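Content type compact mmCIF, C-alpha atoms, from the file structure_33.txt:
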```txt
# COMPACT_ATOMS: atom_id res chain seq x y z
CA MET S 1 -37.00 -50.65 -64.98
CA ASN S 2 -35.82 -53.96 -63.63
CA SER S 3 -35.37 -54.55 -59.88
CA PHE S 4 -31.58 -54.64 -60.17
CA ASN S 5 -31.33 -51.12 -61.55
CA PHE S 6 -33.79 -49.86 -58.98
CA ASP S 7 -31.78 -51.39 -56.08
CA TYR S 8 -28.60 -49.97 -57.54
CA GLN S 9 -30.08 -46.48 -57.67
CA ILE S 10 -31.26 -46.82 -54.08
CA VAL S 11 -27.70 -47.72 -52.97
CA ILE S 12 -26.27 -44.78 -54.86
CA PHE S 13 -28.84 -42.46 -53.29
CA PHE S 14 -28.01 -43.56 -49.75
CA ASN S 15 -24.27 -43.32 -50.43
CA ILE S 16 -24.77 -39.75 -51.59
CA VAL S 17 -26.79 -38.93 -48.47
CA LYS S 18 -24.13 -40.55 -46.29
CA TYR S 19 -21.41 -38.57 -48.06
CA TYR S 20 -23.16 -35.25 -47.47
CA GLN S 21 -23.93 -36.18 -43.90
CA VAL S 22 -20.24 -36.85 -43.20
CA ALA S 23 -19.30 -33.62 -44.99
CA LEU S 24 -21.87 -31.71 -42.97
CA ASN S 25 -20.52 -33.17 -39.71
CA LYS S 26 -17.00 -32.24 -40.71
CA LEU S 27 -18.15 -28.71 -41.52
CA ILE S 28 -19.88 -28.38 -38.13
CA PHE S 29 -16.81 -29.75 -36.32
CA THR S 30 -14.48 -27.45 -38.27
CA ARG S 31 -16.60 -24.42 -37.53
CA ALA S 32 -16.68 -25.38 -33.86
CA ASN S 33 -12.92 -25.64 -33.89
CA ASN S 34 -12.62 -22.35 -35.72
CA ARG S 35 -14.76 -20.71 -33.08
CA ALA S 36 -12.56 -22.26 -30.41
CA THR S 37 -9.43 -20.91 -32.02
CA MET S 38 -10.90 -17.42 -32.22
CA ALA S 39 -9.81 -16.67 -28.66
CA SER S 40 -7.86 -13.63 -27.61
CA VAL S 41 -6.72 -11.70 -24.56
CA LYS S 42 -6.02 -8.02 -24.20
CA LEU S 43 -5.53 -5.34 -21.56
CA ARG S 44 -7.87 -2.44 -20.94
CA ILE S 45 -7.82 0.43 -18.47
CA ARG S 46 -11.13 1.44 -16.92
CA LYS S 47 -10.83 5.24 -16.95
CA SER S 48 -14.34 5.68 -15.57
CA ARG S 49 -13.24 4.17 -12.29
CA VAL S 50 -10.82 6.08 -10.08
CA ASN S 51 -9.59 5.00 -6.64
CA LYS S 52 -8.70 7.30 -3.76
CA ASN S 53 -5.18 7.67 -5.19
CA GLY S 54 -6.56 8.99 -8.48
CA GLU S 55 -5.63 5.75 -10.27
CA SER S 56 -7.72 3.68 -12.68
CA PRO S 57 -7.77 -0.16 -12.61
CA ILE S 58 -6.46 -2.29 -15.46
CA PHE S 59 -8.51 -5.31 -16.56
CA ILE S 60 -7.73 -8.38 -18.65
CA GLN S 61 -10.39 -9.01 -21.31
CA ILE S 62 -10.87 -12.60 -22.51
CA PHE S 63 -12.75 -13.31 -25.77
CA SER S 64 -13.76 -16.75 -27.08
CA SER S 65 -16.70 -18.33 -28.96
CA ASN S 66 -18.77 -15.14 -28.88
CA THR S 67 -18.28 -14.87 -25.11
CA LYS S 68 -16.41 -12.22 -23.16
CA LYS S 69 -15.14 -12.02 -19.60
CA GLU S 70 -13.09 -9.50 -17.64
CA VAL S 71 -10.82 -10.11 -14.67
CA SER S 72 -8.81 -7.62 -12.69
CA ALA S 73 -5.11 -7.40 -13.49
CA GLN S 74 -4.62 -6.20 -9.90
CA VAL S 75 -2.78 -3.13 -11.17
CA ALA S 76 -4.00 0.48 -11.08
CA ILE S 77 -2.26 3.58 -12.47
CA ASP S 78 -2.92 7.17 -13.47
CA ALA S 79 -4.88 6.89 -16.73
CA GLU S 80 -2.55 9.40 -18.39
CA LEU S 81 0.32 6.96 -17.90
CA TRP S 82 -1.38 4.19 -19.90
CA ASP S 83 -0.57 3.67 -23.60
CA ASP S 84 -3.82 2.62 -25.36
CA ASN S 85 -2.00 1.70 -28.56
CA ARG S 86 0.73 -0.45 -27.04
CA PHE S 87 -1.42 -1.75 -24.15
CA GLU S 88 1.27 -1.03 -21.59
CA VAL S 89 2.37 1.43 -18.92
CA ARG S 90 4.19 4.46 -20.29
CA ARG S 91 7.85 5.09 -19.51
CA ARG S 92 7.01 8.13 -17.41
CA HIS S 93 5.68 5.88 -14.65
CA PRO S 94 8.38 5.34 -11.96
CA ARG S 95 7.61 1.59 -11.90
CA GLN S 96 7.00 1.16 -15.61
CA GLY S 97 9.30 -1.85 -16.05
CA GLN S 98 7.99 -3.74 -13.04
CA LEU S 99 4.31 -3.15 -13.81
CA ASN S 100 4.65 -4.12 -17.48
CA ALA S 101 6.46 -7.30 -16.47
CA ILE S 102 3.59 -8.16 -14.11
CA LEU S 103 0.98 -7.47 -16.79
CA ARG S 104 2.84 -9.57 -19.38
CA ALA S 105 3.10 -12.46 -16.94
CA ARG S 106 -0.64 -12.38 -16.30
CA ILE S 107 -1.46 -12.18 -20.01
CA ASN S 108 0.80 -15.20 -20.60
CA GLU S 109 -1.10 -17.19 -17.97
CA PHE S 110 -4.32 -16.79 -19.96
CA GLN S 111 -2.59 -17.36 -23.32
CA ASP S 112 -1.13 -20.64 -22.03
CA ALA S 113 -4.64 -21.68 -21.02
CA ILE S 114 -5.93 -20.87 -24.54
CA ASP S 115 -3.12 -22.89 -26.15
CA GLU S 116 -3.93 -25.92 -23.98
CA LEU S 117 -7.66 -25.74 -24.72
CA GLN S 118 -7.05 -25.38 -28.46
CA LYS S 119 -4.99 -28.58 -28.46
CA MET S 120 -8.08 -30.42 -27.23
CA LYS S 121 -9.87 -29.39 -30.48
CA LEU S 122 -13.06 -28.48 -28.63
CA ALA S 123 -15.05 -25.28 -28.53
CA PHE S 124 -14.55 -23.35 -25.29
CA SER S 125 -15.84 -20.15 -23.72
CA ALA S 126 -14.09 -17.24 -22.04
CA GLN S 127 -15.06 -18.72 -18.67
CA ASP S 128 -13.39 -22.00 -19.69
CA ILE S 129 -10.17 -20.04 -20.30
CA ILE S 130 -10.39 -18.44 -16.86
CA ASN S 131 -11.07 -21.81 -15.21
CA ARG S 132 -8.15 -23.42 -17.02
CA ARG S 133 -5.80 -20.60 -16.05
CA ASN S 134 -6.84 -20.83 -12.39
CA SER S 135 -6.42 -24.59 -12.47
CA ASN S 136 -2.90 -24.23 -13.89
CA ILE S 137 -1.91 -21.80 -11.13
CA GLU S 138 -3.22 -24.13 -8.43
CA SER S 139 -1.51 -27.19 -9.91
CA ASN S 140 1.81 -25.32 -10.16
CA LEU S 141 1.81 -24.41 -6.49
CA PRO S 142 4.12 -26.56 -4.38
CA LYS S 143 2.52 -28.93 -1.88
CA ASN S 144 4.42 -27.35 0.97
CA HIS S 145 4.22 -23.57 1.11
CA VAL S 146 7.08 -21.69 2.75
CA ILE S 147 5.50 -18.85 4.71
CA THR S 148 7.94 -16.12 3.68
CA GLU S 149 8.02 -17.24 0.02
CA PHE S 150 4.22 -17.26 -0.09
CA LEU S 151 4.12 -13.75 1.35
CA LYS S 152 6.76 -12.49 -1.12
CA ASP S 153 4.75 -13.94 -4.00
CA TYR S 154 1.53 -12.37 -2.71
CA ILE S 155 3.21 -8.95 -2.49
CA ASP S 156 4.67 -9.31 -6.00
CA ARG S 157 1.27 -10.25 -7.42
CA ASN S 158 -0.53 -7.40 -5.68
CA PRO S 159 1.80 -4.42 -6.02
CA ASP S 160 -0.84 -1.71 -6.10
CA GLY S 161 -3.03 -0.56 -3.28
CA TRP S 162 -0.04 -0.93 -0.93
CA LYS S 163 1.77 2.07 0.46
CA VAL S 164 5.56 2.08 0.39
CA SER S 165 5.58 2.02 4.18
CA THR S 166 3.48 -1.18 4.09
CA PHE S 167 5.95 -2.81 1.69
CA ARG S 168 8.74 -1.85 4.09
CA THR S 169 6.91 -3.26 7.12
CA TYR S 170 6.19 -6.57 5.38
CA GLY S 171 9.78 -6.73 4.17
CA ILE S 172 11.03 -6.34 7.75
CA PHE S 173 8.70 -9.15 8.84
CA ILE S 174 9.93 -11.46 6.06
CA ASN S 175 13.58 -10.86 6.97
CA CYS S 176 12.89 -11.32 10.68
CA PHE S 177 10.84 -14.51 10.26
CA THR S 178 13.45 -15.94 7.89
CA ALA S 179 16.11 -15.36 10.56
CA PHE S 180 13.87 -17.07 13.12
CA HIS S 181 13.03 -20.18 11.07
CA LYS S 182 14.15 -20.22 7.45
CA GLY S 183 12.00 -22.34 5.14
CA LEU S 184 9.15 -22.93 7.61
CA CYS S 185 5.96 -24.05 5.82
CA PHE S 186 2.39 -23.25 6.75
CA GLN S 187 1.74 -26.98 7.12
CA ASP S 188 4.38 -27.18 9.87
CA LEU S 189 3.31 -24.04 11.72
CA ASN S 190 1.62 -24.66 15.08
CA LEU S 191 0.83 -22.80 18.28
CA ASP S 192 4.09 -23.88 19.91
CA ILE S 193 6.13 -22.35 17.06
CA VAL S 194 3.99 -19.20 17.18
CA LYS S 195 4.82 -18.78 20.87
CA LYS S 196 8.51 -19.44 20.19
CA TYR S 197 8.48 -16.71 17.54
CA HIS S 198 7.00 -14.33 20.12
CA LEU S 199 9.82 -15.20 22.55
CA TYR S 200 12.34 -14.73 19.73
CA LEU S 201 11.03 -11.20 19.17
CA GLN S 202 11.24 -10.50 22.90
CA SER S 203 14.86 -11.64 22.89
CA LYS S 204 15.54 -8.90 20.33
CA GLU S 205 14.34 -6.40 22.97
CA LEU S 206 11.64 -5.08 20.68
CA ALA S 207 8.86 -2.89 22.06
CA ILE S 208 5.58 -4.56 22.96
CA ASN S 209 3.71 -2.81 20.16
CA THR S 210 6.42 -3.69 17.63
CA ILE S 211 6.07 -7.35 18.57
CA SER S 212 2.30 -7.01 18.28
CA ASN S 213 2.63 -5.62 14.76
CA ARG S 214 4.95 -8.46 13.67
CA MET S 215 2.50 -11.04 15.03
CA LYS S 216 -0.32 -9.24 13.25
CA ILE S 217 1.43 -9.77 9.91
CA LEU S 218 1.90 -13.45 10.72
CA ARG S 219 -1.83 -13.70 11.42
CA ARG S 220 -2.55 -11.92 8.13
CA SER S 221 -0.31 -14.40 6.29
CA ILE S 222 -2.27 -17.29 7.80
CA SER S 223 -5.55 -15.70 6.70
CA LEU S 224 -4.24 -15.38 3.13
CA ALA S 225 -3.13 -19.02 3.20
CA ASN S 226 -6.61 -20.02 4.35
CA GLU S 227 -8.19 -18.05 1.51
CA ALA S 228 -5.87 -19.78 -0.97
CA GLY S 229 -6.84 -23.21 0.38
CA ILE S 230 -3.31 -23.97 1.53
CA ILE S 231 -4.35 -24.69 5.10
CA SER S 232 -7.79 -25.13 6.64
CA HIS S 233 -7.00 -24.21 10.24
CA ASN S 234 -5.54 -21.31 12.20
CA PRO S 235 -2.28 -22.21 14.00
CA MET S 236 -2.56 -18.99 16.04
CA VAL S 237 -5.74 -20.01 17.86
CA GLY S 238 -4.88 -19.67 21.55
CA TYR S 239 -2.35 -16.88 21.01
CA LYS S 240 -3.30 -13.36 22.10
CA ARG S 241 -1.47 -10.28 20.92
CA ASN S 242 -0.64 -7.69 23.56
CA ARG S 243 -0.50 -3.96 23.03
CA GLU S 244 0.24 -1.14 25.39
CA GLU S 245 -0.98 2.41 25.22
CA GLY S 246 1.96 4.36 23.92
CA ARG S 247 3.08 7.44 25.80
CA ARG S 248 2.42 10.55 23.73
CA GLU S 249 5.07 13.02 24.75
CA PHE S 250 4.27 16.69 24.17
CA LEU S 251 5.65 20.11 24.97
CA THR S 252 3.96 22.72 27.12
CA VAL S 253 3.52 26.24 25.77
CA GLU S 254 6.56 27.37 27.82
CA GLU S 255 8.74 24.54 26.46
CA LEU S 256 7.65 25.28 22.91
CA LYS S 257 8.62 28.93 23.38
CA LEU S 258 12.11 27.78 24.39
CA PHE S 259 12.44 26.01 21.04
CA GLU S 260 10.99 29.03 19.25
CA GLY S 261 13.55 31.40 20.78
CA TYR S 262 16.56 29.09 20.45
CA ASN S 263 19.53 30.13 18.30
CA ALA S 264 21.20 26.98 17.07
CA PRO S 265 25.00 26.86 16.57
CA THR S 266 24.74 26.07 12.83
CA VAL S 267 22.42 27.00 9.97
CA SER S 268 21.49 23.37 9.30
CA LYS S 269 20.54 22.76 12.94
CA GLN S 270 18.57 26.00 13.05
CA LYS S 271 16.54 24.78 10.09
CA ILE S 272 15.63 21.59 12.01
CA VAL S 273 14.56 23.62 15.06
CA ASP S 274 12.50 26.00 12.91
CA MET S 275 10.84 23.11 11.08
CA PHE S 276 9.97 21.52 14.43
CA VAL S 277 8.34 24.77 15.59
CA PHE S 278 6.53 25.06 12.24
CA ASN S 279 5.18 21.56 12.78
CA ALA S 280 4.09 22.28 16.35
CA PHE S 281 1.86 25.03 14.92
CA THR S 282 0.51 22.94 12.01
CA GLY S 283 0.35 19.37 13.35
CA LEU S 284 1.84 17.67 10.28
CA ARG S 285 3.49 14.27 10.19
CA ILE S 286 7.21 14.31 9.44
CA GLY S 287 6.76 12.80 5.96
CA ASP S 288 4.34 15.55 4.99
CA LEU S 289 6.60 18.23 6.50
CA LEU S 290 9.67 17.09 4.57
CA THR S 291 7.78 16.91 1.26
CA LEU S 292 5.88 20.21 1.49
CA LYS S 293 5.69 22.01 -1.86
CA THR S 294 4.54 25.49 -2.76
CA THR S 295 1.58 23.85 -4.50
CA ASP S 296 0.43 22.65 -1.06
CA PHE S 297 -0.39 26.25 -0.13
CA LYS S 298 -2.89 28.86 -1.21
CA PHE S 299 -2.09 32.58 -1.10
CA LEU S 300 -4.81 35.23 -0.81
CA ASP S 301 -4.60 38.80 0.53
CA GLY S 302 -1.59 38.10 2.75
CA VAL S 303 -3.09 34.90 4.15
CA ILE S 304 -1.22 31.64 3.59
CA LYS S 305 -3.44 28.60 3.71
CA LEU S 306 -2.25 25.00 3.97
CA ASN S 307 -4.05 22.77 1.48
CA LEU S 308 -2.35 19.40 1.64
CA ARG S 309 -3.24 15.80 0.82
CA MET S 310 -1.53 13.75 3.55
CA ASN S 311 0.68 10.84 2.55
CA LYS S 312 -0.58 8.42 5.18
CA THR S 313 -4.36 8.79 4.90
CA ASP S 314 -4.86 10.57 1.53
CA ASP S 315 -7.16 13.01 3.37
CA PHE S 316 -6.83 16.79 3.07
CA VAL S 317 -5.83 19.23 5.78
CA ASP S 318 -7.05 22.69 4.95
CA HIS S 319 -6.39 25.60 7.31
CA LYS S 320 -4.50 28.91 7.41
CA LEU S 321 -1.06 29.38 8.91
CA SER S 322 -0.89 31.30 12.16
CA SER S 323 1.75 34.01 12.57
CA VAL S 324 4.67 31.82 13.77
CA PRO S 325 4.58 29.18 10.98
CA LYS S 326 3.89 31.98 8.47
CA MET S 327 7.20 33.67 9.43
CA ILE S 328 9.03 30.34 9.14
CA PHE S 329 7.43 29.73 5.74
CA ASP S 330 8.58 33.16 4.53
CA LYS S 331 12.09 32.43 5.83
CA TYR S 332 12.57 29.06 4.13
CA ALA S 333 10.15 28.87 1.19
CA ASN S 334 12.38 27.81 -1.68
CA TYR S 335 10.58 28.24 -4.99
CA GLU S 336 13.47 26.85 -7.01
CA SER S 337 13.67 23.46 -5.31
CA VAL S 338 11.04 20.72 -5.37
CA PHE S 339 10.37 20.89 -1.64
CA ILE S 340 10.04 24.07 0.39
CA PHE S 341 12.49 23.27 3.18
CA ASN S 342 14.97 21.64 0.78
CA LEU S 343 16.15 19.13 3.39
CA LEU S 344 15.84 16.01 1.24
CA ASN S 345 18.56 15.16 -1.24
CA GLU S 346 16.96 16.26 -4.48
CA GLY S 347 19.90 14.84 -6.42
CA LYS S 348 18.29 11.44 -5.97
CA ASN S 349 15.37 10.15 -8.02
CA LEU S 350 12.73 11.19 -5.48
CA SER S 351 9.95 10.53 -8.01
CA ASP S 352 10.55 6.86 -7.18
CA PRO S 353 8.38 6.26 -4.07
CA TYR S 354 10.84 3.70 -2.68
CA ILE S 355 13.82 6.04 -2.94
CA LEU S 356 11.72 8.87 -1.48
CA ASP S 357 10.62 6.70 1.45
CA LYS S 358 14.22 5.72 2.18
CA GLU S 359 15.35 9.35 2.04
CA ILE S 360 12.54 10.46 4.39
CA ASN S 361 13.53 7.79 6.92
CA ARG S 362 17.17 8.82 6.72
CA LYS S 363 16.38 12.48 7.29
CA THR S 364 13.91 11.65 10.07
CA SER S 365 16.72 9.98 12.01
CA TYR S 366 18.88 13.08 11.58
CA PHE S 367 15.94 15.30 12.50
CA ASN S 368 15.33 13.41 15.76
CA LYS S 369 19.02 13.45 16.66
CA ILE S 370 19.16 17.26 16.45
CA LEU S 371 15.91 17.62 18.42
CA LYS S 372 17.20 15.47 21.27
CA GLU S 373 20.41 17.49 21.40
CA THR S 374 18.43 20.73 21.45
CA ALA S 375 16.09 19.53 24.20
CA SER S 376 19.14 18.68 26.31
CA VAL S 377 20.63 22.15 25.78
CA LEU S 378 17.28 23.74 26.73
CA ASP S 379 17.02 21.53 29.85
CA ILE S 380 13.73 20.02 28.69
CA PRO S 381 13.56 16.60 30.42
CA LYS S 382 11.67 14.90 27.59
CA VAL S 383 12.55 12.68 24.66
CA VAL S 384 11.75 15.15 21.89
CA THR S 385 11.24 13.71 18.41
CA CYS S 386 9.58 15.01 15.27
CA HIS S 387 6.26 13.44 16.27
CA VAL S 388 6.26 15.35 19.58
CA ALA S 389 5.46 18.45 17.52
CA ARG S 390 2.22 16.87 16.28
CA HIS S 391 1.28 15.79 19.82
CA SER S 392 2.09 19.27 21.13
CA PHE S 393 -0.13 20.85 18.47
CA ALA S 394 -3.10 18.75 19.61
CA THR S 395 -2.65 19.02 23.36
CA ILE S 396 -1.97 22.78 23.36
CA LEU S 397 -5.10 23.43 21.28
CA LEU S 398 -7.09 21.16 23.59
CA SER S 399 -5.79 22.99 26.67
CA LYS S 400 -6.81 26.30 25.08
CA GLY S 401 -10.39 25.12 24.69
CA ALA S 402 -10.55 23.97 21.07
CA SER S 403 -13.13 21.24 20.50
CA ILE S 404 -12.05 17.66 19.92
CA GLU S 405 -13.98 17.66 16.62
CA VAL S 406 -12.06 20.68 15.29
CA ILE S 407 -8.70 19.25 16.40
CA SER S 408 -9.56 15.98 14.69
CA LYS S 409 -10.13 17.86 11.41
CA LEU S 410 -6.91 19.84 11.79
CA LEU S 411 -4.91 16.64 12.36
CA GLY S 412 -6.60 14.93 9.43
CA HIS S 413 -7.81 11.99 11.54
CA LYS S 414 -10.32 9.70 9.84
CA ASP S 415 -11.80 8.59 13.15
CA ILE S 416 -12.38 10.97 16.06
CA ARG S 417 -11.37 8.16 18.42
CA GLU S 418 -7.80 8.71 17.24
CA THR S 419 -8.03 12.27 18.53
CA GLN S 420 -9.70 11.41 21.83
CA ILE S 421 -6.46 9.87 23.07
CA TYR S 422 -5.20 13.44 23.58
CA THR S 423 -7.91 14.10 26.16
CA LYS S 424 -6.42 11.23 28.18
CA VAL S 425 -2.91 12.55 27.67
CA LEU S 426 -3.90 16.02 28.82
CA GLY S 427 -5.79 14.57 31.79
CA LYS S 428 -2.72 12.65 32.93
CA ALA S 429 -0.56 15.75 32.51
CA LYS S 430 -2.91 17.73 34.76
CA GLU S 431 -2.79 15.01 37.41
CA GLU S 432 1.02 14.96 37.27
CA ALA S 433 1.05 18.75 37.67
CA ILE S 434 -1.13 18.54 40.78
CA ASP S 435 1.14 15.85 42.21
CA LEU S 436 4.00 18.35 42.06
CA LEU S 437 2.25 20.31 44.81
CA ASP S 438 2.99 17.48 47.25
CA ASN S 439 6.69 18.33 46.94
CA ILE S 440 6.27 21.94 48.04
```
Would you mind writing the file out in structure tokens?
Amino acid sequence: MNSFNFDYQIVIFFNIVKYYQVALNKLIFTRANNRATMASVKLRIRKSRVNKNGESPIFIQIFSSNTKKEVSAQVAIDAELWDDNRFEVRRRHPRQGQLNAILRARINEFQDAIDELQKMKLAFSAQDIINRRNSNIESNLPKNHVITEFLKDYIDRNPDGWKVSTFRTYGIFINCFTAFHKGLCFQDLNLDIVKKYHLYLQSKELAINTISNRMKILRRSISLANEAGIISHNPMVGYKRNREEGRREFLTVEELKLFEGYNAPTVSKQKIVDMFVFNAFTGLRIGDLLTLKTTDFKFLDGVIKLNLRMNKTDDFVDHKLSSVPKMIFDKYANYESVFIFNLLNEGKNLSDPYILDKEINRKTSYFNKILKETASVLDIPKVVTCHVARHSFATILLSKGASIEVISKLLGHKDIRETQIYTKVLGKAKEEAIDLLDNI
């Protein structure tokens, strides 16, 4: 074999090696890209986890390049209202449309991140998808953040875990702050503006505690903005919220007996009076009273026992009815309507928590109006409202020697300190009674 042929064969050999090396690199790159494109996102409900409302959280699962991550969708529902085949909230849920829209929007955020990463033709993990999605959200945020718009967005993105009453309170704040200074950004908020907002609330002749609650929401908004990296300081440093100890009006045993023996001029007004008396012997909040159902009671050997999960705290009250509320229950218990006292307008869609909340507020106003009229007729010199019944329940029991611990359980208080305020109320009432002797 001459040297020419040998050199030629060597060249051919190296060309073949080079060809296969290029092909192998292409194969590796293609497989890497194929792995990168094998990314997906789906929704999953975690039925094994249940919050205090009996709801299970929904998670977003991200898969890519043999990696998997889960992030909360910030939505929780009754597991029975989740469609495992369609990966969406069932129509039976009162907020089905809103929740599915929220879930779709969050899925799209992650899908957009996948599309952007795939265009780069690089392998990426599930964590890379999450990081890209978070980066997109941050970059899409405006440089100047309007306080009320930020708060609206936060509420929209975190719809669950909030009670309807909380939504209402935040909505009132947003409307009020918008009227005070529309379009104000966090970056422009300072202590001087904070104090001016306080004066603005005072000019509306709001109660001290109402003003305190509005300022508390402003402080909460600032904390959320800090967490989001929008601002790095607290414009409310130097401002102190003021609260006053609210006066807890209550009826004496004699005054309660006047209500109990009163014959109202109309059937509808008599129902309000009877419901008030019922509440003074059970200590319920007005929302729980208006929405009492037969399923909230247990019946055994002539004893009627209240077994109710309270709307405000989700805690149970569990005790028997004494003779007076038992007679009222027997008088009004309506087994054909949704609610026992049938005072709410059941023609409305009361399964919607927002409609129900609005209806409860409307009836509460009517309830209080009738009570004030009745107190005037009975010559009771007190502002009697539905909540006075709850206060009367506690103070009368306390005056009869019931322990503060037992009263706390009957009221459904989470913290006994909430109940201890009644010892102060009763103490003041005793002092006022003694002072009356000076006028003899």
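From atom CA of Lys293 of chain S back to atom CA of Ile340 of chain S, the distance works out to 5.3 Å.
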Selected residue, from S:Ile130, S:Leu189, S:Thr282, S:Leu321, that lies nearest to Leu300 of chain S when counting all atoms listed in the file: S:Leu321
task: Fewer than 4 positions away in the same chain doesn't count, so skip those; otherwise give me all residues within 7 Å of Leu184 of chain S, counting all atoms listed in the file, as a list of chain:residue names.
output: S:Val146, S:Ile147, S:Asp188
task: Give me the residues within 9 Å of Thr291 of chain S as a ChimeraX atom specification, counting only C-alpha atoms and dropping any in the same chain fewer than 6 places off.
output: /S:338-344,360
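The gap separating atom CA of Lys363 of chain S from atom CA of Val384 of chain S is 15.5 Å, in Å to one decimal.
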message: Report, in Å with one decimal, the straight-line distance from atom CA of Thr166 of chain S to atom CA of Ile407 of chain S.
response: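 It comes out at 26.8 Å.
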Quick one: residues within 10 Å of Ile272 of chain S, only C-alpha atoms, excluding same-chain residues fewer than 4 positions away - as a CSV table (one decimal) with C-alpha atoms, in the coordinates of the input?
```csv
chain,number,residue,atom,x,y,z
S,264,ALA,CA,21.2,27.0,17.1
S,267,VAL,CA,22.4,27.0,10.0
S,268,SER,CA,21.5,23.4,9.3
S,276,PHE,CA,10.0,21.5,14.4
S,277,VAL,CA,8.3,24.8,15.6
S,278,PHE,CA,6.5,25.1,12.2
S,341,PHE,CA,12.5,23.3,3.2
S,343,LEU,CA,16.2,19.1,3.4
S,366,TYR,CA,18.9,13.1,11.6
S,367,PHE,CA,15.9,15.3,12.5
S,368,ASN,CA,15.3,13.4,15.8
S,369,LYS,CA,19.0,13.4,16.7
S,370,ILE,CA,19.2,17.3,16.4
S,371,LEU,CA,15.9,17.6,18.4
S,374,THR,CA,18.4,20.7,21.4
S,386,CYS,CA,9.6,15.0,15.3
```
task: Pick out the closest residue to Asp352 of chain S from this set: S:Val75, S:Val164, S:Leu151, S:Ala101. Count all atoms listed in the file.
output: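 The shortest atom-to-atom distance to Asp352 of chain S comes from S:Val164.
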message: Set the distance at 8 Å and use all atoms listed in the file: which residues neighbour Leu191 of chain S once local chain neighbours fewer than 6 positions away are removed? I'd like the list as an NGL selection string.
response: :S and (235-239)
task: List the neighbours of Glu418 of chain S out to 12 Å using all atoms listed in the file; skip same-chain residues closer than 6 positions along the sequence, and give me the result as a PyMOL selection string.
output: chain S and resi 391+394+404-405+407-409+411-412+424
Counting all atoms listed in the file, the option among S:Leu289, S:Val303, S:Val41, S:Ala225 closest to Asp115 of chain S: S:Val41
Selected residue of minimal separation from Asn213 of chain S among S:Val324, S:Ala79, S:Lys312, S:Thr169, counting all atoms listed in the file: S:Thr169
task: Can you work out which one of S:Leu356, S:Ala375, S:Leu292, S:Ala39 has the shortest atom-to-atom distance to Glu260 of chain S, counting only C-alpha atoms?
output: S:Ala375
task: Check the smallest atom-to-atom distance from each of S:Phe173, S:Gly261, S:Lys163, S:Phe124 to Tyr354 of chain S using all atoms listed in the file, then report the winner.
output: S:Lys163
query: Which polymer residues, protein or nucleic acid, are no farther than 10 Å from (4.6, -4.1, -18.6), counting only C-alpha atoms, as a PyMOL selection string?
result: chain S and resi 86-91+95-105
Dump segment 266-277 of chain S with N, CA and C atoms to a file, as a CSV table (one decimal), in the first residue's frame.
```
chain,number,residue,atom,x,y,z
S,266,THR,N,-98.4,44.5,65.5
S,266,THR,CA,-98.6,43.7,64.2
S,266,THR,C,-97.8,42.4,64.4
S,267,VAL,N,-98.2,41.4,63.6
S,267,VAL,CA,-97.6,40.1,63.6
S,267,VAL,C,-96.1,40.2,63.3
S,268,SER,N,-95.7,41.0,62.3
S,268,SER,CA,-94.3,41.1,61.9
S,268,SER,C,-93.5,41.7,63.0
S,269,LYS,N,-94.0,42.7,63.7
S,269,LYS,CA,-93.3,43.3,64.8
S,269,LYS,C,-93.2,42.4,66.0
S,270,GLN,N,-94.2,41.6,66.2
S,270,GLN,CA,-94.2,40.6,67.3
S,270,GLN,C,-93.1,39.6,67.1
S,271,LYS,N,-92.9,39.2,65.8
S,271,LYS,CA,-91.9,38.2,65.5
S,271,LYS,C,-90.5,38.8,65.9
S,272,ILE,N,-90.2,40.1,65.6
S,272,ILE,CA,-89.0,40.7,65.9
S,272,ILE,C,-88.8,40.7,67.4
S,273,VAL,N,-89.8,41.1,68.2
S,273,VAL,CA,-89.7,41.1,69.6
S,273,VAL,C,-89.4,39.7,70.2
S,274,ASP,N,-90.1,38.7,69.6
S,274,ASP,CA,-89.9,37.3,70.1
S,274,ASP,C,-88.5,36.8,69.7
S,275,MET,N,-88.0,37.2,68.6
S,275,MET,CA,-86.7,36.8,68.2
S,275,MET,C,-85.6,37.4,69.1
S,276,PHE,N,-85.9,38.6,69.5
S,276,PHE,CA,-85.0,39.4,70.4
S,276,PHE,C,-84.9,38.6,71.7
S,277,VAL,N,-86.1,38.3,72.2
S,277,VAL,CA,-86.2,37.5,73.5
S,277,VAL,C,-85.5,36.2,73.4
```
